[in-house]
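Undergrad: Below you'll find upload.tsv; it's TSV, C-alpha atoms and all ligand atoms.
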```
chain	number	residue	atom	x	y	z
A	1	MET	CA	0.00	0.00	0.00
A	2	LYS	CA	1.42	3.30	-1.01
A	3	LYS	CA	0.75	6.60	0.63
A	4	LEU	CA	2.33	9.67	-0.92
A	5	CYS	CA	2.64	12.63	1.37
A	6	PHE	CA	4.00	16.05	0.92
A	7	ILE	CA	4.14	18.92	3.26
A	8	ALA	CA	2.34	21.89	1.82
A	9	ALA	CA	2.73	24.20	4.76
A	10	LEU	CA	5.11	27.08	4.38
A	11	CYS	CA	8.54	25.94	5.44
A	12	ALA	CA	9.79	29.40	6.16
A	13	ALA	CA	7.39	31.93	7.53
A	14	LEU	CA	8.03	35.61	7.42
A	15	LEU	CA	8.65	37.54	10.54
A	16	LEU	CA	8.34	41.26	10.80
A	17	VAL	CA	11.60	42.82	11.86
A	18	GLY	CA	11.38	46.11	13.70
A	19	CYS	CA	8.68	47.37	11.39
A	20	LYS	CA	7.22	50.80	11.95
A	21	ASP	CA	5.04	51.05	8.86
A	22	GLU	CA	1.78	49.24	8.68
A	23	ALA	CA	2.49	47.14	5.56
A	24	VAL	CA	-0.54	45.10	4.56
A	25	PRO	CA	0.56	41.96	2.73
A	26	ARG	CA	-1.62	40.62	-0.09
A	27	ALA	CA	-1.18	36.86	-0.55
A	28	TYR	CA	-2.11	34.75	-3.59
A	29	THR	CA	-1.60	31.03	-4.15
A	30	GLY	CA	-1.35	28.52	-6.97
A	31	PHE	CA	-0.40	24.87	-7.45
A	32	TYR	CA	2.46	23.94	-9.81
A	33	PHE	CA	5.09	21.19	-9.91
A	34	ASP	CA	2.94	19.23	-7.47
A	35	THR	CA	3.24	21.83	-4.74
A	36	TYR	CA	1.91	25.18	-3.64
A	37	VAL	CA	3.26	28.57	-4.58
A	38	THR	CA	2.42	31.65	-2.53
A	39	PHE	CA	3.04	35.19	-3.75
A	40	THR	CA	2.94	37.78	-0.97
A	41	ILE	CA	3.06	41.32	-2.29
A	42	TYR	CA	3.88	44.10	0.18
A	43	SER	CA	4.28	46.99	-2.22
A	44	ALA	CA	4.19	47.72	-5.94
A	45	ASP	CA	4.33	50.92	-7.96
A	46	GLY	CA	0.73	50.57	-9.09
A	47	SER	CA	1.52	50.29	-12.81
A	48	HIS	CA	-0.09	46.84	-12.78
A	49	SER	CA	-2.79	45.35	-10.59
A	50	ASP	CA	-2.03	42.43	-8.28
A	51	ARG	CA	-4.23	40.35	-10.54
A	52	GLU	CA	-2.10	41.19	-13.61
A	53	ILE	CA	1.09	40.46	-11.67
A	54	THR	CA	-0.01	37.10	-10.28
A	55	ASP	CA	-1.69	36.00	-13.52
A	56	SER	CA	1.52	36.73	-15.39
A	57	CYS	CA	3.58	34.81	-12.80
A	58	LYS	CA	1.16	31.90	-13.00
A	59	ASN	CA	1.48	31.84	-16.80
A	60	ILE	CA	5.24	31.59	-16.41
A	61	LEU	CA	4.85	28.69	-13.98
A	62	GLY	CA	2.37	26.90	-16.25
A	63	GLU	CA	4.75	27.13	-19.22
A	64	LEU	CA	7.72	26.14	-17.11
A	65	GLU	CA	5.92	23.12	-15.71
A	66	GLU	CA	5.17	21.95	-19.24
A	67	ARG	CA	8.75	22.63	-20.37
A	68	LEU	CA	10.48	20.86	-17.47
A	69	THR	CA	8.18	17.98	-16.63
A	70	SER	CA	9.81	14.58	-17.16
A	71	TYR	CA	6.95	12.92	-19.05
A	72	GLY	CA	4.16	13.91	-21.43
A	73	ASP	CA	3.89	15.06	-25.02
A	74	ASN	CA	4.93	18.70	-25.10
A	75	GLY	CA	7.84	19.51	-22.84
A	76	VAL	CA	11.47	19.64	-23.88
A	77	ILE	CA	12.66	17.50	-20.94
A	78	ALA	CA	10.06	14.86	-21.84
A	79	LYS	CA	11.35	15.02	-25.43
A	80	ILE	CA	14.91	14.51	-24.21
A	81	ASN	CA	13.80	11.56	-22.06
A	82	ASP	CA	12.05	10.07	-25.07
A	83	SER	CA	14.82	10.34	-27.61
A	84	ALA	CA	18.22	11.47	-26.29
A	85	ALA	CA	19.48	7.90	-25.86
A	86	SER	CA	19.15	7.37	-29.61
A	87	ARG	CA	19.82	10.82	-31.13
A	88	PRO	CA	20.80	14.40	-30.21
A	89	VAL	CA	17.76	16.46	-29.18
A	90	SER	CA	17.64	20.21	-29.89
A	91	VAL	CA	16.65	22.39	-26.98
A	92	ASP	CA	15.97	26.08	-26.42
A	93	GLU	CA	18.65	28.35	-25.00
A	94	ASN	CA	17.10	28.68	-21.52
A	95	THR	CA	16.77	24.95	-21.00
A	96	PHE	CA	20.30	24.43	-22.30
A	97	SER	CA	21.70	26.93	-19.76
A	98	LEU	CA	19.72	25.29	-16.97
A	99	LEU	CA	21.11	21.85	-17.91
A	100	GLU	CA	24.64	23.30	-18.01
A	101	LYS	CA	24.14	24.76	-14.54
A	102	CYS	CA	22.79	21.46	-13.21
A	103	ILE	CA	25.78	19.54	-14.57
A	104	GLU	CA	28.15	22.10	-13.08
A	105	ILE	CA	26.51	21.55	-9.66
A	106	SER	CA	26.76	17.76	-10.14
A	107	GLN	CA	30.48	18.18	-10.77
A	108	LYS	CA	30.96	20.42	-7.75
A	109	THR	CA	29.04	18.05	-5.48
A	110	ASP	CA	30.81	14.98	-6.86
A	111	GLY	CA	27.50	13.60	-8.13
A	112	ALA	CA	25.44	14.04	-4.92
A	113	PHE	CA	23.15	16.22	-7.05
A	114	ASP	CA	22.27	14.26	-10.16
A	115	ILE	CA	19.43	15.06	-12.57
A	116	THR	CA	19.57	11.59	-14.15
A	117	LEU	CA	17.61	9.97	-11.30
A	118	GLY	CA	14.26	10.10	-13.16
A	119	GLU	CA	13.76	6.34	-13.51
A	120	ILE	CA	14.70	5.71	-9.90
A	121	SER	CA	12.34	8.44	-8.64
A	122	ARG	CA	9.57	7.02	-10.80
A	123	LEU	CA	10.11	3.51	-9.44
A	124	TRP	CA	9.86	4.82	-5.89
A	125	GLY	CA	6.64	6.60	-6.85
A	126	PHE	CA	7.75	10.20	-6.34
A	127	GLY	CA	6.08	12.73	-8.54
A	128	SER	CA	5.01	10.25	-11.20
A	129	ALA	CA	1.53	10.38	-12.63
A	130	GLN	CA	1.28	6.62	-12.21
A	131	GLU	CA	0.55	5.04	-8.87
A	132	VAL	CA	3.21	2.62	-7.71
A	133	ALA	CA	1.76	-0.24	-5.66
A	134	GLU	CA	5.08	-1.32	-4.22
A	135	PRO	CA	8.63	-0.24	-5.12
A	136	GLU	CA	10.30	-2.92	-7.22
A	137	LEU	CA	13.52	-3.04	-5.27
A	138	ASP	CA	15.28	-5.39	-7.69
A	139	LYS	CA	14.55	-2.98	-10.56
A	140	ILE	CA	15.74	-0.02	-8.50
A	141	GLU	CA	18.95	-1.86	-7.70
A	142	SER	CA	19.52	-2.88	-11.31
A	143	LEU	CA	18.91	0.69	-12.52
A	144	ALA	CA	21.06	2.24	-9.80
A	145	GLY	CA	24.17	1.79	-11.92
A	146	LYS	CA	22.65	3.29	-15.09
A	147	HIS	CA	22.16	6.91	-14.16
A	148	ASN	CA	25.04	9.33	-14.08
A	149	TYR	CA	25.18	12.99	-15.03
A	150	LYS	CA	28.39	12.15	-16.92
A	151	ASN	CA	26.21	10.24	-19.40
A	152	ILE	CA	24.67	13.52	-20.59
A	153	THR	CA	26.46	15.19	-23.48
A	154	LEU	CA	25.68	18.85	-24.09
A	155	ASN	CA	26.71	20.29	-27.43
A	156	SER	CA	26.78	24.07	-27.10
A	157	GLU	CA	27.36	24.69	-30.82
A	158	ASN	CA	24.23	22.88	-31.93
A	159	MET	CA	22.38	23.31	-28.60
A	160	THR	CA	21.64	19.61	-28.38
A	161	VAL	CA	21.45	17.07	-25.59
A	162	GLN	CA	22.36	13.43	-26.02
A	163	PHE	CA	22.68	10.46	-23.66
A	164	THR	CA	25.68	8.19	-24.03
A	165	GLU	CA	23.85	5.35	-22.19
A	166	ASP	CA	20.23	4.32	-21.93
A	167	GLY	CA	18.20	3.15	-18.93
A	168	PHE	CA	17.86	6.53	-17.21
A	169	SER	CA	15.86	9.73	-17.58
A	170	LEU	CA	16.08	13.33	-16.45
A	171	ASP	CA	14.27	14.61	-13.36
A	172	LEU	CA	14.76	18.30	-12.58
A	173	GLY	CA	12.65	18.13	-9.42
A	174	ALA	CA	15.51	19.19	-7.16
A	175	ALA	CA	16.27	22.42	-9.04
A	176	ALA	CA	13.18	23.43	-11.04
A	177	LYS	CA	11.35	25.31	-8.30
A	178	GLY	CA	14.46	27.29	-7.41
A	179	TYR	CA	15.05	28.01	-11.09
A	180	ALA	CA	11.46	29.28	-11.32
A	181	LEU	CA	12.14	31.81	-8.54
A	182	GLY	CA	14.53	33.79	-10.75
A	183	LEU	CA	12.00	33.99	-13.58
A	184	LEU	CA	9.25	35.04	-11.19
A	185	LYS	CA	11.42	37.69	-9.55
A	186	ASP	CA	12.32	39.20	-12.93
A	187	GLU	CA	8.66	39.26	-13.92
A	188	MET	CA	7.57	40.88	-10.67
A	189	LEU	CA	10.26	43.56	-10.97
A	190	ARG	CA	9.22	44.19	-14.58
A	191	LEU	CA	5.63	44.71	-13.44
A	192	GLY	CA	6.59	47.26	-10.78
A	193	VAL	CA	6.72	45.11	-7.65
A	194	GLU	CA	8.98	46.72	-5.05
A	195	SER	CA	8.63	44.41	-2.14
A	196	ALA	CA	7.38	40.82	-2.12
A	197	VAL	CA	8.08	37.25	-1.13
A	198	ILE	CA	7.54	34.12	-3.19
A	199	ASP	CA	7.38	30.75	-1.42
A	200	PHE	CA	7.45	27.82	-3.81
A	201	GLY	CA	7.44	24.48	-2.01
A	202	GLY	CA	10.24	25.25	0.43
A	203	ASN	CA	12.05	27.67	-1.86
A	204	ILE	CA	11.77	31.34	-0.93
A	205	GLN	CA	12.58	34.42	-3.01
A	206	THR	CA	12.60	37.78	-1.28
A	207	ILE	CA	12.16	40.78	-3.58
A	208	GLY	CA	13.45	44.16	-2.40
A	209	ASP	CA	16.13	44.79	0.20
A	210	SER	CA	13.92	44.47	3.25
A	211	PHE	CA	10.47	44.17	4.66
A	212	PRO	CA	8.92	47.64	4.21
A	213	GLY	CA	10.15	49.94	6.96
A	214	ALA	CA	12.63	47.39	8.33
A	215	GLN	CA	16.37	46.80	8.00
A	216	SER	CA	16.06	43.38	6.36
A	217	TRP	CA	13.75	40.47	5.70
A	218	GLY	CA	13.45	38.07	8.63
A	219	VAL	CA	12.84	34.57	7.31
A	220	SER	CA	12.27	31.92	9.92
A	221	VAL	CA	13.90	28.55	9.30
A	222	THR	CA	12.11	25.34	10.15
A	223	ALA	CA	13.63	21.88	10.18
A	224	ASP	CA	10.60	19.61	10.05
A	225	ASP	CA	6.89	19.49	9.31
A	226	THR	CA	5.90	20.99	12.68
A	227	ASN	CA	6.81	24.42	11.25
A	228	ALA	CA	8.31	25.40	14.62
A	229	PRO	CA	11.11	27.85	13.78
A	230	ILE	CA	14.64	26.94	14.83
A	231	GLY	CA	15.86	30.47	14.14
A	232	LYS	CA	15.70	33.37	11.75
A	233	LEU	CA	17.72	34.51	8.73
A	234	ASN	CA	18.15	38.27	8.32
A	235	VAL	CA	18.57	38.77	4.58
A	236	GLY	CA	18.17	41.20	1.72
A	237	GLU	CA	17.01	40.16	-1.77
A	238	THR	CA	17.95	36.48	-1.99
A	239	CYS	CA	16.79	32.87	-2.32
A	240	ILE	CA	16.46	30.39	0.54
A	241	SER	CA	15.79	26.67	-0.11
A	242	THR	CA	15.18	23.90	2.39
A	243	SER	CA	15.52	20.14	1.83
A	244	ASN	CA	14.47	17.61	4.40
A	245	ALA	CA	13.22	14.08	4.66
A	246	SER	CA	9.81	14.99	6.04
A	247	ARG	CA	8.87	17.24	3.13
A	248	ARG	CA	7.87	14.41	0.83
A	249	TYR	CA	7.81	10.66	1.29
A	250	VAL	CA	6.04	7.44	0.35
A	251	GLU	CA	4.87	4.75	2.74
A	252	TYR	CA	4.80	1.09	1.83
A	253	ASP	CA	3.45	-1.32	4.42
A	254	GLY	CA	4.02	1.17	7.18
A	255	LYS	CA	7.63	1.92	6.25
A	256	ARG	CA	8.58	5.43	5.23
A	257	TYR	CA	10.88	6.24	2.29
A	258	HIS	CA	11.75	9.89	1.76
A	259	HIS	CA	12.34	11.51	-1.61
A	260	ILE	CA	16.00	12.54	-1.53
A	261	ILE	CA	17.92	9.77	-3.27
A	262	ASP	CA	21.54	8.85	-2.77
A	263	PRO	CA	22.74	8.45	-6.37
A	264	ASN	CA	25.25	5.82	-5.21
A	265	THR	CA	22.57	3.42	-4.01
A	266	GLY	CA	19.26	4.47	-5.61
A	267	TYR	CA	17.76	4.43	-2.09
A	268	PRO	CA	16.68	7.38	0.09
A	269	ALA	CA	19.85	9.03	1.40
A	270	GLN	CA	20.90	7.99	4.90
A	271	SER	CA	22.09	11.32	6.19
A	272	ASP	CA	23.11	12.74	9.56
A	273	ILE	CA	21.20	15.82	8.37
A	274	LYS	CA	17.59	16.26	9.37
A	275	SER	CA	17.13	19.45	7.36
A	276	VAL	CA	19.32	21.82	5.40
A	277	THR	CA	18.57	25.39	4.36
A	278	VAL	CA	20.74	27.02	1.69
A	279	ILE	CA	20.98	30.74	1.02
A	280	SER	CA	22.08	32.00	-2.42
A	281	ALA	CA	21.22	34.92	-4.69
A	282	ASP	CA	20.51	32.31	-7.38
A	283	GLY	CA	17.47	30.05	-6.87
A	284	THR	CA	18.74	27.16	-9.00
A	285	SER	CA	21.81	27.01	-6.76
A	286	SER	CA	19.95	27.29	-3.44
A	287	ASP	CA	17.56	24.52	-4.52
A	288	ALA	CA	20.13	22.14	-6.03
A	289	TYR	CA	22.72	22.57	-3.27
A	290	SER	CA	20.13	22.01	-0.54
A	291	THR	CA	19.35	18.61	-2.06
A	292	ALA	CA	23.03	17.81	-2.60
A	293	PHE	CA	24.05	18.85	0.93
A	294	PHE	CA	21.41	16.54	2.40
A	295	VAL	CA	22.85	13.62	0.42
A	296	MET	CA	26.47	14.51	1.26
A	297	GLY	CA	26.00	14.65	5.02
A	298	SER	CA	27.06	17.51	7.26
A	299	GLU	CA	30.84	17.19	7.22
A	300	LYS	CA	31.29	17.12	3.44
A	301	ALA	CA	28.45	19.60	2.92
A	302	LEU	CA	29.93	22.25	5.22
A	303	ALA	CA	33.43	21.77	3.79
A	304	LEU	CA	32.11	22.27	0.25
A	305	CYS	CA	29.88	25.18	1.29
A	306	GLU	CA	32.88	27.09	2.64
A	307	LYS	CA	34.64	26.66	-0.71
A	308	LEU	CA	31.70	27.88	-2.82
A	309	ASP	CA	31.19	31.58	-3.45
A	310	GLY	CA	27.80	32.99	-2.53
A	311	ILE	CA	26.43	29.80	-0.95
A	312	ASP	CA	25.63	29.55	2.78
A	313	ALA	CA	23.90	26.89	4.82
A	314	VAL	CA	22.03	26.25	8.05
A	315	ILE	CA	22.16	22.53	8.83
A	316	THR	CA	20.05	20.81	11.48
A	317	LEU	CA	21.40	17.40	12.44
A	318	ASN	CA	19.28	14.42	13.41
A	319	ASP	CA	20.25	15.04	17.06
A	320	GLY	CA	18.69	18.53	16.82
A	321	SER	CA	21.93	20.53	16.89
A	322	THR	CA	22.55	23.28	14.35
A	323	LEU	CA	25.64	23.86	12.19
A	324	LEU	CA	26.21	27.12	10.34
A	325	SER	CA	28.52	28.07	7.49
A	326	ASP	CA	30.70	31.14	8.18
A	327	GLY	CA	28.39	33.38	6.16
A	328	ALA	CA	25.26	31.97	7.83
A	329	GLU	CA	26.70	32.78	11.27
A	330	LYS	CA	26.42	36.47	10.39
A	331	ILE	CA	22.76	36.36	9.37
A	332	PHE	CA	21.23	33.62	11.54
A	333	THR	CA	19.76	34.34	14.96
A	334	LYS	CA	18.07	31.86	17.31
B	401	LIG	P1	14.31	18.81	-3.16
B	401	LIG	O1	12.93	18.77	-2.60
B	401	LIG	O2	14.67	20.09	-3.81
B	401	LIG	O3	15.35	18.36	-2.18
B	401	LIG	O4	14.35	17.78	-4.39
B	401	LIG	C1	14.01	16.43	-4.26
B	401	LIG	C2	13.46	15.94	-5.58
B	401	LIG	O5	14.51	15.91	-6.56
B	401	LIG	C3	12.95	14.49	-5.48
B	401	LIG	O6	11.54	14.47	-5.35
B	401	LIG	C4	13.41	13.87	-6.81
B	401	LIG	O7	12.46	14.17	-7.81
B	401	LIG	C5	14.68	14.63	-7.13
B	401	LIG	N1	15.90	14.06	-6.49
B	401	LIG	C6	15.98	13.19	-5.45
B	401	LIG	N2	17.27	12.96	-5.11
B	401	LIG	C7	18.02	13.73	-5.95
B	401	LIG	C8	19.42	13.93	-6.10
B	401	LIG	N3	20.31	13.29	-5.32
B	401	LIG	N4	19.85	14.77	-7.07
B	401	LIG	C9	18.96	15.41	-7.87
B	401	LIG	N5	17.64	15.25	-7.79
B	401	LIG	C10	17.15	14.42	-6.83
B	402	MG	MG	16.40	21.05	-4.12
```
Starting from the file, give its structure as structure tokens.
Ligand code: AMP
Ligand code: MG

TA:
Amino acid sequence: MKKLCFIAALCAALLLVGCKDEAVPRAYTGFYFDTYVTFTIYSADGSHSDREITDSCKNILGELEERLTSYGDNGVIAKINDSAASRPVSVDENTFSLLEKCIEISQKTDGAFDITLGEISRLWGFGSAQEVAEPELDKIESLAGKHNYKNITLNSENMTVQFTEDGFSLDLGAAAKGYALGLLKDEMLRLGVESAVIDFGGNIQTIGDSFPGAQSWGVSVTADDTNAPIGKLNVGETCISTSNASRRYVEYDGKRYHHIIDPNTGYPAQSDIKSVTVISADGTSSDAYSTAFFVMGSEKALALCEKLDGIDAVITLNDGSTLLSDGAEKIFTK
């Protein structure tokens, strides 16, 4: 018996930091990539109505969902999954850049982040349209050697994607929502938004330097589905992504399997990390590194984080203690 659960509640709630002005937030929601998005607008220049702004953002998300979804008839990732094992597949410039960025992050994380886990995710029953009665463990184990980001060849002259092996497919689930944040931010700025927050399934984009009338945004960090904050990040315009095992999982015969896969085994990652929150100006990076750091475990994750420019992390271990990167120490308060 399978039970698929995902936590829809906001993972990071906004706190008002020393606010004098009476800013009245206007919140709007939608459902894309199998999760909720919330747009909270605090101020805009009035050149467009909230309705125009959120409709336009929702159009972007609808198109992106079609473009990046792993299966179906229309999207470019589905097309790649269909044909790239047998021939080069042409893709648009934006998708090509996103794939390049994903492969760069795979290289930097020594494969802990790997977008070729599509078949494995599908066999576990995460995010697939088809119900999975029971995970076929023998199939998962036999496919666990097939995927590898190194089996993707990107040709930047022809803008094509080709697989050098078969038996795997692309799944951008660990980066797509963060990637969307950048597009949504640009659109909101274009439409005159001055101050807003987007929360897309555990990925937050703040727009504007601070909560109106305050010194910064105060984003509370949670480490599980209770939504009890473990502390607060004081940030300007940035992205904040959280990965944890309780966000999404399947249950088979009473046993729980979470959705973050260790590419070495094809099984849910056994990590000393309960939850990891990554801060980066770039949403693709905050999203992808949060997934990778969970897989890597705290020691390797923190060591890598200190080497990467513009990436910081708040890590909650299974024993409840908190580890902070050097940059996070300056912006995190309990
Ligand atoms: P996130 O919620 O951002 O941590 O992403 C988890 C989702 O990304 C899962 O539901 C899978 O679809 C996919 N995924 C799981 N493990 C990995 C991994 N190690 N690398 C890349 N994508 C993954
Ligand atoms: Mg992620």

Undergrad: Would you name the residues within 6 Å of ligand MG 402 (chain B), counting all atoms listed in the file, and put them as a list in words?

TA: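 The residues within 6 Å of ligand MG 402 (chain B), counting all atoms listed in the file, are Ala174, Ala175, Asp287, Ala288, Ser290 and Thr291 of chain A.
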
Undergrad: May I ask for the distance between CA of Gly201 in chain A and CA of Asp253 in chain A, given in Å to one decimal place?

TA: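 Computing the Euclidean distance for CA of Gly201 in chain A and CA of Asp253 in chain A yields 26.9 Å.
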
Undergrad: For each of A:Thr69, A:Thr333, A:Ser49, A:Asn318, take the minimum atom-to-atom distance to Phe294 in chain A, counting only C-alpha atoms, then give the residue where this is smallest.

TA: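 Going through A:Thr69, A:Thr333, A:Ser49, A:Asn318 one by one, the smallest distance to Phe294 in chain A is for A:Asn318.
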
Undergrad: I'd like the contact shell of Leu184 in chain A - 9 Å cut-off, all atoms listed in the file, skipping same-chain residues fewer than 5 positions apart - returned as a PyMOL selection string.

TA: chain A and resi 56-58+60-61+189+198+205

Undergrad: Could you list, as an MDAnalysis selection string, all residues that come within 7 Å of ligand LIG 401 (chain B)? Count all atoms listed in the file.

TA: chainID A and resid 112:115 117:118 121 126:127 171:175 243:244 259:263 287:288 290:292 295
